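Novice: Supplied structure: protein_33.txt, compact mmCIF, C-alpha atoms.
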```txt
# COMPACT_ATOMS: atom_id res chain seq x y z
CA MET G 1 -93.96 35.58 -63.83
CA SER G 2 -95.56 37.60 -66.61
CA LEU G 3 -95.15 41.05 -65.13
CA PRO G 4 -97.09 43.17 -67.65
CA SER G 5 -100.18 41.05 -67.01
CA ARG G 6 -99.35 40.78 -63.32
CA ARG G 7 -99.42 44.57 -63.17
CA GLY G 8 -102.82 44.46 -64.83
CA ALA G 9 -104.08 41.97 -62.29
CA LEU G 10 -103.12 44.16 -59.35
CA LYS G 11 -104.64 47.26 -60.93
CA LEU G 12 -107.79 45.24 -61.59
CA SER G 13 -107.95 44.06 -58.00
CA ALA G 14 -107.94 47.68 -56.85
CA GLY G 15 -111.09 48.34 -58.82
CA LEU G 16 -112.77 45.17 -57.65
CA ALA G 17 -112.07 45.39 -53.95
CA LEU G 18 -115.15 47.35 -52.92
CA LEU G 19 -117.41 45.41 -55.24
CA GLY G 20 -115.86 42.15 -54.11
CA ALA G 21 -116.33 42.93 -50.45
CA GLY G 22 -120.08 43.04 -50.88
CA ALA G 23 -120.37 40.30 -53.46
CA LEU G 24 -118.32 37.91 -51.37
CA THR G 25 -120.39 38.32 -48.20
CA GLY G 26 -118.24 40.86 -46.46
CA CYS G 27 -114.51 40.36 -47.02
CA GLY G 28 -112.22 42.60 -45.07
CA ARG G 29 -111.61 43.08 -41.43
CA GLY G 30 -109.56 45.29 -39.18
CA THR G 31 -105.83 44.96 -38.78
CA ALA G 32 -104.44 41.83 -37.18
CA THR G 33 -101.58 40.68 -35.08
CA PRO G 34 -99.44 37.79 -36.33
CA ALA G 35 -100.75 34.34 -35.48
CA ALA G 36 -99.10 30.94 -35.59
CA ALA G 37 -102.06 29.25 -37.25
CA SER G 38 -105.73 28.55 -36.65
CA SER G 39 -107.40 25.91 -34.52
CA ALA G 40 -108.76 24.08 -37.56
CA THR G 41 -108.70 20.26 -37.59
CA PRO G 42 -105.20 18.94 -38.37
CA VAL G 43 -104.56 17.28 -41.73
CA GLY G 44 -103.37 13.67 -41.69
CA ASP G 45 -100.67 11.90 -43.70
CA SER G 46 -102.83 9.40 -45.59
CA PRO G 47 -102.81 9.72 -49.41
CA ALA G 48 -105.28 12.20 -50.86
CA THR G 49 -108.06 10.85 -53.05
CA GLY G 50 -110.80 12.08 -55.37
CA THR G 51 -110.59 15.13 -57.61
CA LEU G 52 -108.89 18.41 -56.72
CA ASN G 53 -109.80 21.54 -58.66
CA VAL G 54 -107.04 24.15 -58.57
CA TRP G 55 -107.36 27.67 -59.95
CA ALA G 56 -104.33 29.88 -60.52
CA ALA G 57 -103.20 32.87 -62.52
CA GLN G 58 -101.10 32.25 -65.59
CA GLY G 59 -97.40 32.76 -64.98
CA ASP G 60 -95.70 31.01 -62.08
CA ALA G 61 -98.46 28.38 -62.02
CA ASP G 62 -97.84 27.38 -65.64
CA VAL G 63 -95.23 24.85 -64.51
CA LEU G 64 -97.16 23.38 -61.59
CA ASP G 65 -98.16 20.19 -63.35
CA LYS G 66 -94.46 19.43 -63.75
CA VAL G 67 -93.48 20.61 -60.27
CA ILE G 68 -96.04 18.43 -58.47
CA LYS G 69 -95.14 15.17 -60.19
CA PRO G 70 -93.74 13.74 -56.91
CA PHE G 71 -96.97 14.79 -55.12
CA LYS G 72 -99.09 13.09 -57.77
CA ALA G 73 -96.97 9.95 -57.56
CA ALA G 74 -97.45 9.85 -53.78
CA ASN G 75 -101.22 10.32 -54.19
CA PRO G 76 -102.09 8.00 -57.11
CA LYS G 77 -105.83 8.03 -56.42
CA LEU G 78 -106.02 11.82 -56.64
CA THR G 79 -106.81 13.63 -59.88
CA VAL G 80 -105.55 17.21 -59.98
CA LYS G 81 -107.27 19.53 -62.44
CA PHE G 82 -105.68 22.92 -63.12
CA THR G 83 -107.54 25.95 -64.42
CA LEU G 84 -105.09 28.66 -65.45
CA ILE G 85 -106.60 32.09 -66.02
CA PRO G 86 -104.96 35.20 -67.53
CA ASN G 87 -103.70 37.49 -64.77
CA ALA G 88 -105.81 40.47 -65.79
CA GLU G 89 -108.98 38.36 -65.52
CA TYR G 90 -108.06 36.14 -62.60
CA TYR G 91 -109.55 37.90 -59.59
CA THR G 92 -112.67 38.85 -61.56
CA LYS G 93 -113.41 35.25 -62.48
CA LEU G 94 -112.47 33.91 -59.06
CA GLN G 95 -114.72 36.40 -57.26
CA SER G 96 -117.61 35.62 -59.62
CA ALA G 97 -117.18 31.88 -59.14
CA ILE G 98 -117.04 32.21 -55.36
CA ALA G 99 -120.14 34.43 -55.28
CA ALA G 100 -121.99 31.85 -57.39
CA GLY G 101 -120.89 28.96 -55.19
CA LYS G 102 -118.86 27.47 -58.03
CA GLY G 103 -115.32 28.17 -56.87
CA PRO G 104 -112.45 25.68 -56.92
CA ASP G 105 -111.15 23.62 -54.01
CA VAL G 106 -107.94 25.63 -53.77
CA ALA G 107 -106.97 28.94 -55.35
CA GLN G 108 -103.89 31.08 -55.77
CA PHE G 109 -103.77 34.56 -54.30
CA PHE G 110 -101.31 37.44 -54.23
CA PRO G 111 -100.21 38.44 -50.69
CA GLU G 112 -100.10 42.13 -51.57
CA SER G 113 -103.72 42.17 -52.80
CA GLN G 114 -105.61 39.31 -51.16
CA ALA G 115 -107.19 41.10 -48.19
CA GLN G 116 -110.73 40.99 -49.61
CA PHE G 117 -110.63 37.18 -49.50
CA LEU G 118 -109.41 36.73 -45.91
CA ASP G 119 -112.73 35.82 -44.36
CA PRO G 120 -114.16 32.55 -42.99
CA SER G 121 -117.11 32.79 -45.36
CA ILE G 122 -114.64 32.55 -48.25
CA LEU G 123 -111.55 30.69 -47.06
CA ARG G 124 -110.95 27.92 -44.56
CA ALA G 125 -108.54 28.64 -41.73
CA VAL G 126 -105.12 27.04 -42.13
CA PRO G 127 -105.16 23.84 -40.01
CA ASP G 128 -102.94 23.48 -36.98
CA GLY G 129 -99.61 21.87 -37.81
CA LEU G 130 -100.05 22.02 -41.57
CA VAL G 131 -96.94 24.17 -41.93
CA ASP G 132 -94.54 25.99 -39.63
CA PRO G 133 -95.37 29.72 -39.83
CA LYS G 134 -91.81 30.53 -38.76
CA SER G 135 -90.39 28.80 -41.84
CA PHE G 136 -91.64 31.62 -44.10
CA PHE G 137 -90.56 35.22 -44.44
CA THR G 138 -92.47 36.78 -41.57
CA SER G 139 -94.41 39.41 -43.48
CA LEU G 140 -95.53 36.92 -46.13
CA TRP G 141 -97.16 34.80 -43.46
CA GLN G 142 -98.66 37.87 -41.80
CA ALA G 143 -100.20 38.94 -45.10
CA GLY G 144 -102.64 36.02 -44.77
CA VAL G 145 -103.51 36.56 -41.11
CA VAL G 146 -106.58 38.44 -39.90
CA GLY G 147 -107.93 38.39 -36.36
CA ASP G 148 -105.32 35.86 -35.23
CA VAL G 149 -106.43 33.41 -37.93
CA ALA G 150 -104.29 32.41 -40.91
CA TYR G 151 -106.16 31.93 -44.18
CA THR G 152 -103.37 31.53 -46.75
CA VAL G 153 -100.01 29.77 -47.01
CA PRO G 154 -97.14 31.51 -48.86
CA TRP G 155 -95.89 29.93 -52.07
CA TYR G 156 -93.35 32.23 -53.75
CA ALA G 157 -91.86 35.56 -52.73
CA TYR G 158 -90.62 38.81 -54.13
CA THR G 159 -89.90 42.30 -52.94
CA TYR G 160 -88.21 45.42 -54.28
CA ALA G 161 -84.51 46.27 -54.23
CA LEU G 162 -82.10 48.38 -56.29
CA VAL G 163 -81.02 47.00 -59.68
CA TYR G 164 -78.33 49.24 -61.15
CA ARG G 165 -75.64 49.50 -63.82
CA SER G 166 -72.53 48.32 -62.00
CA ASP G 167 -70.31 49.19 -64.97
CA LEU G 168 -71.38 52.84 -64.78
CA ALA G 169 -71.00 52.88 -61.01
CA ARG G 170 -67.42 51.60 -61.35
CA GLU G 171 -66.67 54.22 -63.98
CA ALA G 172 -68.09 56.95 -61.73
CA GLY G 173 -66.28 55.59 -58.69
CA VAL G 174 -69.42 55.33 -56.56
CA LYS G 175 -71.09 52.59 -54.54
CA ALA G 176 -74.78 51.84 -54.13
CA PRO G 177 -76.44 54.24 -51.67
CA THR G 178 -77.38 52.97 -48.24
CA THR G 179 -79.45 55.96 -47.12
CA TRP G 180 -82.01 58.30 -48.64
CA ASP G 181 -79.49 61.14 -48.62
CA GLY G 182 -77.20 59.15 -50.86
CA MET G 183 -79.73 58.34 -53.58
CA VAL G 184 -79.78 61.50 -55.68
CA PRO G 185 -75.98 62.03 -55.56
CA PHE G 186 -75.45 58.40 -56.63
CA LEU G 187 -77.89 58.74 -59.51
CA LYS G 188 -76.34 62.04 -60.60
CA ALA G 189 -72.94 60.34 -60.65
CA LEU G 190 -74.30 57.70 -63.02
CA GLN G 191 -75.63 60.45 -65.26
CA GLY G 192 -72.21 62.07 -65.13
CA VAL G 193 -70.69 59.08 -66.92
CA GLY G 194 -73.27 58.92 -69.65
CA ALA G 195 -76.63 57.66 -68.38
CA GLY G 196 -79.54 59.66 -69.74
CA HIS G 197 -81.28 59.58 -66.35
CA GLY G 198 -80.09 57.95 -63.18
CA LEU G 199 -83.41 56.32 -62.32
CA GLY G 200 -85.94 54.65 -64.57
CA ALA G 201 -88.86 55.56 -62.32
CA ASP G 202 -92.29 54.00 -62.47
CA ILE G 203 -94.61 56.57 -64.03
CA GLY G 204 -97.83 54.58 -64.03
CA TRP G 205 -99.14 56.82 -61.23
CA ASP G 206 -101.31 53.99 -60.01
CA VAL G 207 -101.53 51.41 -57.22
CA PHE G 208 -97.87 50.49 -57.77
CA ASN G 209 -96.72 54.04 -57.08
CA GLY G 210 -98.92 53.99 -54.01
CA GLN G 211 -97.14 50.86 -52.82
CA ASP G 212 -93.77 52.52 -53.39
CA VAL G 213 -94.66 55.57 -51.33
CA ALA G 214 -96.17 53.36 -48.63
CA MET G 215 -92.84 51.56 -48.20
CA TYR G 216 -91.05 54.94 -48.10
CA ALA G 217 -93.45 55.96 -45.32
CA TRP G 218 -92.42 52.84 -43.38
CA GLN G 219 -88.78 53.78 -43.96
CA ALA G 220 -89.55 57.20 -42.49
CA GLY G 221 -91.07 55.67 -39.37
CA GLY G 222 -94.73 55.86 -40.33
CA SER G 223 -97.58 53.40 -40.34
CA LEU G 224 -100.48 53.11 -42.74
CA LEU G 225 -103.13 51.81 -40.39
CA SER G 226 -103.11 51.76 -36.60
CA GLY G 227 -105.81 50.62 -34.23
CA GLY G 228 -108.19 50.18 -37.13
CA LYS G 229 -107.73 53.81 -38.24
CA TRP G 230 -105.87 55.17 -41.25
CA THR G 231 -102.63 57.01 -40.42
CA LEU G 232 -101.69 58.57 -43.74
CA ASN G 233 -101.64 62.29 -42.99
CA THR G 234 -98.41 62.11 -41.02
CA PRO G 235 -94.92 63.66 -41.17
CA ALA G 236 -93.63 60.25 -42.33
CA MET G 237 -95.99 60.24 -45.31
CA VAL G 238 -95.03 63.81 -46.17
CA ASP G 239 -91.38 62.76 -46.04
CA ALA G 240 -92.14 59.75 -48.24
CA LEU G 241 -93.90 61.83 -50.89
CA THR G 242 -91.12 64.41 -50.79
CA TYR G 243 -88.43 61.74 -51.11
CA ASN G 244 -90.14 60.18 -54.11
CA ALA G 245 -90.63 63.58 -55.73
CA SER G 246 -86.95 64.42 -55.23
CA PHE G 247 -86.01 61.98 -57.99
CA PHE G 248 -87.98 64.06 -60.46
CA THR G 249 -87.30 67.55 -59.15
CA SER G 250 -83.55 66.87 -59.08
CA GLY G 251 -83.58 65.69 -62.69
CA VAL G 252 -82.38 62.12 -62.03
CA ALA G 253 -85.76 60.77 -63.16
CA ASP G 254 -88.24 61.89 -65.81
CA THR G 255 -92.01 62.18 -65.33
CA GLY G 256 -92.37 61.35 -69.02
CA GLY G 257 -90.73 57.95 -69.10
CA PRO G 258 -89.85 55.19 -69.38
CA THR G 259 -93.22 53.50 -69.28
CA PHE G 260 -93.47 50.09 -67.62
CA LEU G 261 -92.79 48.08 -70.79
CA ASP G 262 -89.88 50.34 -71.77
CA ALA G 263 -88.06 50.08 -68.43
CA GLN G 264 -85.69 47.28 -69.38
CA PRO G 265 -84.80 48.53 -72.89
CA TYR G 266 -84.01 51.94 -71.39
CA PHE G 267 -81.85 50.31 -68.74
CA VAL G 268 -79.75 48.15 -71.05
CA SER G 269 -79.30 51.01 -73.54
CA GLY G 270 -78.07 53.43 -70.87
CA LYS G 271 -81.04 55.77 -71.10
CA THR G 272 -81.49 54.95 -67.41
CA ALA G 273 -79.06 53.39 -64.93
CA MET G 274 -81.17 52.11 -62.06
CA MET G 275 -84.53 50.52 -61.37
CA ILE G 276 -86.33 50.01 -58.07
CA THR G 277 -87.89 46.70 -58.93
CA GLY G 278 -88.34 43.02 -58.26
CA PRO G 279 -86.04 40.01 -58.82
CA TRP G 280 -87.70 38.86 -62.04
CA VAL G 281 -85.77 41.60 -63.86
CA VAL G 282 -82.46 39.85 -63.18
CA GLY G 283 -83.41 36.93 -65.38
CA GLN G 284 -84.76 39.08 -68.20
CA LEU G 285 -81.98 41.58 -68.89
CA ASP G 286 -79.86 39.30 -71.09
CA THR G 287 -82.90 38.99 -73.35
CA ALA G 288 -83.46 42.74 -73.32
CA ALA G 289 -79.78 43.30 -74.17
CA LYS G 290 -79.87 40.51 -76.77
CA LYS G 291 -76.58 39.23 -75.39
CA GLU G 292 -75.94 36.29 -73.10
CA GLY G 293 -73.80 37.27 -70.13
CA TRP G 294 -74.63 40.96 -70.39
CA THR G 295 -76.29 41.04 -66.97
CA ALA G 296 -73.35 39.48 -65.13
CA ALA G 297 -70.99 42.08 -66.60
CA HIS G 298 -73.18 45.15 -66.26
CA VAL G 299 -75.59 44.76 -63.33
CA ALA G 300 -75.53 44.73 -59.55
CA THR G 301 -78.24 44.73 -56.89
CA ALA G 302 -78.50 46.29 -53.44
CA PRO G 303 -81.09 46.58 -50.65
CA LEU G 304 -83.23 49.69 -50.58
CA PRO G 305 -81.60 52.77 -49.00
CA ALA G 306 -82.63 53.41 -45.42
CA GLY G 307 -84.78 56.27 -44.27
CA SER G 308 -84.80 57.48 -40.68
CA SER G 309 -86.30 54.15 -39.60
CA GLY G 310 -84.21 51.85 -41.75
CA SER G 311 -84.54 49.93 -44.99
CA VAL G 312 -88.02 48.44 -45.30
CA SER G 313 -89.82 47.04 -48.32
CA PHE G 314 -93.11 45.24 -48.84
CA SER G 315 -93.80 41.52 -49.14
CA ALA G 316 -95.35 40.19 -52.31
CA GLY G 317 -95.57 37.01 -54.36
CA GLY G 318 -98.02 34.12 -54.43
CA SER G 319 -100.02 32.23 -51.83
CA TRP G 320 -102.65 29.48 -51.61
CA GLY G 321 -106.01 29.35 -49.90
CA VAL G 322 -108.60 26.59 -49.56
CA LEU G 323 -112.16 27.65 -50.34
CA ALA G 324 -114.74 27.35 -47.58
CA ASP G 325 -117.23 25.54 -49.80
CA GLY G 326 -114.71 23.44 -51.71
CA ALA G 327 -115.62 19.77 -52.23
CA ASN G 328 -112.26 18.24 -51.28
CA PRO G 329 -110.60 20.20 -48.45
CA ASP G 330 -108.49 17.24 -47.31
CA ALA G 331 -106.77 16.94 -50.69
CA ALA G 332 -106.58 20.73 -50.99
CA TRP G 333 -104.63 21.11 -47.75
CA LYS G 334 -102.32 18.24 -48.65
CA PHE G 335 -101.64 19.97 -51.97
CA VAL G 336 -100.91 23.28 -50.21
CA ARG G 337 -98.69 21.53 -47.67
CA ASP G 338 -96.64 19.95 -50.44
CA LEU G 339 -96.17 23.29 -52.22
CA ALA G 340 -94.84 24.76 -48.96
CA LYS G 341 -92.06 22.17 -48.66
CA PRO G 342 -88.55 23.55 -49.29
CA ALA G 343 -87.85 20.88 -51.94
CA THR G 344 -91.02 21.76 -53.85
CA GLN G 345 -90.26 25.47 -53.72
CA VAL G 346 -86.76 24.81 -55.05
CA ALA G 347 -88.30 22.75 -57.85
CA GLN G 348 -90.61 25.68 -58.61
CA TYR G 349 -87.58 28.00 -58.76
CA LYS G 350 -85.78 25.68 -61.16
CA ALA G 351 -88.87 25.43 -63.35
CA TYR G 352 -89.90 29.10 -63.41
CA SER G 353 -87.43 31.16 -61.31
CA SER G 354 -90.12 31.74 -58.66
CA LEU G 355 -88.21 32.67 -55.51
CA PRO G 356 -89.12 30.61 -52.43
CA ALA G 357 -91.30 31.92 -49.62
CA VAL G 358 -89.66 29.36 -47.31
CA VAL G 359 -86.44 30.88 -46.00
CA SER G 360 -84.46 27.62 -45.80
CA ALA G 361 -85.02 26.94 -49.51
CA TRP G 362 -82.73 29.87 -50.29
CA ASP G 363 -79.82 27.74 -49.03
CA ASP G 364 -80.15 25.43 -52.02
CA ALA G 365 -77.16 25.73 -54.34
CA ALA G 366 -79.39 26.63 -57.30
CA ILE G 367 -80.43 29.84 -55.54
CA LYS G 368 -77.57 30.55 -53.17
CA GLY G 369 -75.18 30.57 -56.11
CA GLN G 370 -76.92 33.55 -57.74
CA PRO G 371 -75.15 36.66 -56.35
CA LEU G 372 -77.64 39.10 -57.87
CA LEU G 373 -80.35 37.58 -55.68
CA ASP G 374 -78.52 38.30 -52.41
CA ALA G 375 -79.95 41.79 -52.08
CA PHE G 376 -83.47 40.45 -52.47
CA LEU G 377 -82.89 37.86 -49.74
CA THR G 378 -81.57 40.59 -47.45
CA GLN G 379 -84.57 42.78 -48.24
CA LEU G 380 -87.13 39.98 -47.85
CA LYS G 381 -85.97 39.62 -44.26
CA ASN G 382 -86.96 43.24 -43.70
CA THR G 383 -90.41 43.60 -45.22
CA ARG G 384 -93.91 44.39 -44.04
CA ALA G 385 -97.34 43.29 -45.15
CA PHE G 386 -99.75 45.89 -46.50
CA PRO G 387 -102.91 46.49 -44.43
CA ARG G 388 -105.19 43.44 -44.43
CA VAL G 389 -108.31 45.44 -45.16
CA SER G 390 -110.47 45.28 -48.26
CA THR G 391 -110.07 48.97 -49.13
CA TRP G 392 -106.26 49.08 -49.19
CA GLN G 393 -106.04 48.74 -52.97
CA GLN G 394 -108.28 51.77 -53.53
CA VAL G 395 -106.29 53.76 -51.00
CA ALA G 396 -103.00 52.76 -52.64
CA THR G 397 -104.36 53.75 -56.05
CA ARG G 398 -105.35 57.20 -54.76
CA LEU G 399 -101.93 57.52 -53.16
CA GLY G 400 -100.40 56.78 -56.55
CA LYS G 401 -102.33 59.63 -58.14
CA GLU G 402 -101.34 62.02 -55.37
CA THR G 403 -97.74 60.92 -55.91
CA GLU G 404 -97.97 62.12 -59.49
CA ALA G 405 -99.19 65.56 -58.44
CA VAL G 406 -96.33 65.97 -55.97
CA ALA G 407 -93.73 64.70 -58.46
CA LYS G 408 -94.96 67.15 -61.10
CA GLY G 409 -95.05 70.05 -58.64
CA THR G 410 -98.79 70.67 -58.83
CA ARG G 411 -99.46 69.75 -55.21
CA SER G 412 -97.51 69.93 -51.98
CA ALA G 413 -96.61 66.74 -50.17
CA ALA G 414 -98.57 67.93 -47.13
CA LYS G 415 -101.72 68.53 -49.19
CA ALA G 416 -101.34 65.16 -50.91
CA ALA G 417 -101.05 63.36 -47.58
CA ALA G 418 -104.16 65.15 -46.31
CA ASN G 419 -106.05 64.22 -49.48
CA VAL G 420 -105.16 60.55 -49.16
CA GLN G 421 -106.16 60.52 -45.49
CA ALA G 422 -109.54 62.08 -46.27
CA TYR G 423 -110.14 59.62 -49.09
CA ALA G 424 -109.17 56.64 -46.94
CA GLU G 425 -111.43 57.78 -44.11
CA SER G 426 -114.33 58.10 -46.58
CA LEU G 427 -113.81 54.47 -47.59
CA GLY G 428 -113.15 53.08 -44.15
CA THR G 429 -111.49 49.69 -43.85
CA GLY G 430 -114.31 47.41 -44.98
CA ALA G 431 -114.54 46.00 -41.46
CA ARG G 432 -117.88 44.87 -40.11
```
How would this structure read if it were set down as structure tokens?
Specialist:
Amino acid sequence: MSLPSRRGALKLSAGLALLGAGALTGCGRGTATPAAASSATPVGDSPATGTLNVWAAQGDADVLDKVIKPFKAANPKLTVKFTLIPNAEYYTKLQSAIAAGKGPDVAQFFPESQAQFLDPSILRAVPDGLVDPKSFFTSLWQAGVVGDVAYTVPWYAYTYALVYRSDLAREAGVKAPTTWDGMVPFLKALQGVGAGHGLGADIGWDVFNGQDVAMYAWQAGGSLLSGGKWTLNTPAMVDALTYNASFFTSGVADTGGPTFLDAQPYFVSGKTAMMITGPWVVGQLDTAAKKEGWTAAHVATAPLPAGSSGSVSFSAGGSWGVLADGANPDAAWKFVRDLAKPATQVAQYKAYSSLPAVVSAWDDAAIKGQPLLDAFLTQLKNTRAFPRVSTWQQVATRLGKETEAVAKGTRSAAKAAANVQAYAESLGTGAR
């Protein structure tokens, strides 16, 4: 996963969501309850034939041609054509192609930012029996469900957890915090043994910060949307904004840095001692440290500390959907079904370190033998899907900006929560 460009793609999707909702014939509905699958016609077991056009974002999909070799061998009369698009351009080009009636047969989506596509005018419903919804992390499946209909199938998974300097924690004699109250003291202890700042906080003040505060609101017992109405001006949201700001007001984090691209160099150099981040970091720190084995000797992971309602994070990753006007839906669903098999998801992990969305695939020795991934597995079992409405990305972006004001002391948490609520209500949910 190319995270700098992945970040760009999510920021881009926030700006496109309102435009996309209109251009794509009304994408976005009210909230939904989890569903097993749709009532679409089941997909058979005969070999797929013809040509299958697959669009995906560069990154995890770069290795797909290698990963699906067994699928291609089992379907010799099928030609699979991949179009890989830079992350920052992906949703733009996909939306334009769909609006023009020139979309692919099957396309990749991102569970945390796919709501504007979850509509029968854009995507086909997942056929009955194609996959077992219960085989996936629950929130990843739910991220593709609207109105009791599933539109996407999860492919790979990630969520946030704590990644911290275990060597400094040992020197300070402290263990990873398990509650909000323990966070600042833990980070101060790491500073006490030499770290410049305890936390390398995200200072993009954008949709990503909005996502962070949203998960803190869940941890505090709040919701984001209930009964089709925004629920952002709540005591839980005030607590979430206050908790996030406490990292900066206590001095364990700096509003001036590190920036996103500097996060890992700061971490390995000791300028910071913790990140709240995704699992891709684990595989990149040896490179940042320019020393093989550095990560194993210096790094540990832990689930997110619990608020008053526990430790909750958000579900994210990759998913697949079959376009409503695609020319080869039979082959498309067979392709998606193959990518959802545990063996294929393990092959994807071995090829690109993409963590499986199918829970049983984590039992494979290649993954189970990686102790730094344990915290992410624990956290993935306790995640929620963001609201499946087309305006969520704009709301999250505004929440990110309000987060900045609270962190810098220019706005109270209560005023910020009220501002986000008013903004969200002005946008609505995109539902028809």
Novice: One number please: atom CA of G:Gln348 to atom CA of G:Leu285, in Å, one decimal.
Specialist: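 One can read the atom CA of G:Gln348 to atom CA of G:Leu285 distance as 20.8 Å.
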Novice: Sorted by chain and rising residue number, which residues of stretch 216-259 of chain G lie within 7 Å of stretch 198-202 of chain G, and what are their closest atom pairs and distances in Å to one decimal, counting all atoms listed in the file, as CSV?
Specialist:
```
residue,atom,partner,partner_atom,distance
G:Val252,CA,G:Gly198,CA,4.9
G:Ala253,CA,G:Leu199,CA,5.1
G:Pro258,CA,G:Gly200,CA,6.2
G:Thr259,CA,G:Asp202,CA,6.9
```
Novice: I need every residue sitting at most 8 Å from the point (-66.0, 58.2, -63.3) (coordinates as in the file, only C-alpha atoms considered), written as an MDAnalysis selection string.
Specialist: chainID G and resid 168:173 189 192:193
Novice: Pick the closest to G:Val281 from G:Asn328, G:Ser353, G:Ser412, G:Gln95: which is it, counting all atoms listed in the file?
Specialist: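 When distances to G:Val281 are compared using all atoms listed in the file, the smallest one comes from G:Ser353.
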Novice: Rounded to one decimal place, report the atom CA of G:Pro342-atom CA of G:Val163 distance in Å.
Specialist: 26.7 Å
Novice: Please provide as a list of chain:residue names all residues within 7 Å of stretch 374-387 of chain G, with the sequence filter that same-chain residues fewer than 4 positions apart are discarded (counting all atoms listed in the file).
Specialist: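 Selected residues are G:Thr31, G:Glu112, G:Phe137, G:Ser139, G:Leu140, G:Gln142, G:Ala143, G:Thr159, G:Ala161, G:Leu225, G:Pro279, G:Thr301, G:Ala302, G:Pro303, G:Val312, G:Ser313, G:Phe314, G:Ser315, G:Trp392.
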Novice: Just the number, please: distance in Å from atom CA of G:Ala217 to atom CA of G:Phe260, one decimal.
Specialist: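 Separation between atom CA of G:Ala217 and atom CA of G:Phe260: 23.1 Å.
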Novice: Nearest to G:Thr287: which of G:Gly307, G:Gly326, G:Pro265, G:Pro235 is it, counting only C-alpha atoms?
Specialist: G:Pro265
Novice: Using only C-alpha atoms for the distances, tell me which of G:Val153, G:Ala300, G:Ala99, G:Leu399 is nearest to G:Lys175.
Specialist: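 Counting only C-alpha atoms, the residue closest to G:Lys175 is G:Ala300.
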Novice: Calculated over only C-alpha atoms, which of the candidates G:Lys77, G:Lys102, G:Arg165, G:Lys93 has the smallest distance to G:Val299?
Specialist: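 Of G:Lys77, G:Lys102, G:Arg165, G:Lys93, the one nearest G:Val299, counting only C-alpha atoms, is G:Arg165.
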Novice: Name the residues within 10 Å of (-90.9, 64.2, -50.1), counting all atoms listed in the file in the file's coordinates, and put them as a PyMOL selection string.
Specialist: chain G and resi 213+216-217+235-247+403+406-407+412-414
Novice: Which residues are close to stretch 177-180 of chain G, i.e. within 9 Å by only C-alpha atoms, leaving aside same-chain residues fewer than 3 positions away? Reply as a ChimeraX atom specification.
Specialist: /G:174,183-186,243,302-308,310-311
Novice: Which residues are close to G:Pro120, i.e. within 9 Å by all atoms listed in the file, leaving aside same-chain residues fewer than 2 positions away? Reply as a VMD selection string.
Specialist: chain G and resid 27 117 to 118 122 to 125 151 324
Novice: Contacts of G:Asn233 at 9 Å or less, counting only C-alpha atoms, minus same-chain residues fewer than 5 places along, as a list in words?
Specialist: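 Contacts, in chain order: Val238, Ala414, Lys415, Ala416, Ala417, Ala418, Asn419, Val420, Gln421 and Ala422 of chain G.
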Novice: Would you mind exporting C-alpha atoms of the selected residues as an mmCIF file, in the coordinates of the input?
Specialist:
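Once everything was written out, this is again_24.cif:
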```
data_model
loop_
_atom_site.group_PDB
_atom_site.id
_atom_site.type_symbol
_atom_site.label_atom_id
_atom_site.label_comp_id
_atom_site.auth_asym_id
_atom_site.auth_seq_id
_atom_site.Cartn_x
_atom_site.Cartn_y
_atom_site.Cartn_z
ATOM 1 C CA VAL G 238 -95.030 63.810 -46.170
ATOM 2 C CA ALA G 414 -98.570 67.930 -47.130
ATOM 3 C CA LYS G 415 -101.720 68.530 -49.190
ATOM 4 C CA ALA G 416 -101.340 65.160 -50.910
ATOM 5 C CA ALA G 417 -101.050 63.360 -47.580
ATOM 6 C CA ALA G 418 -104.160 65.150 -46.310
ATOM 7 C CA ASN G 419 -106.050 64.220 -49.480
ATOM 8 C CA VAL G 420 -105.160 60.550 -49.160
ATOM 9 C CA GLN G 421 -106.160 60.520 -45.490
ATOM 10 C CA ALA G 422 -109.540 62.080 -46.270
#
```
Novice: For stretch 58-71 of chain G, work out the shell of residues within 7 Å, counting all atoms listed in the file and skipping chain neighbours fewer than 3 positions away, then give it as a list in words.
Specialist: Met1, Ser2, Ala74, Asn75, Leu84, Ile85, Pro86, Asn87, Asp338, Thr344, Ala347, Gln348, Ala351, Tyr352 and Ser354 of chain G
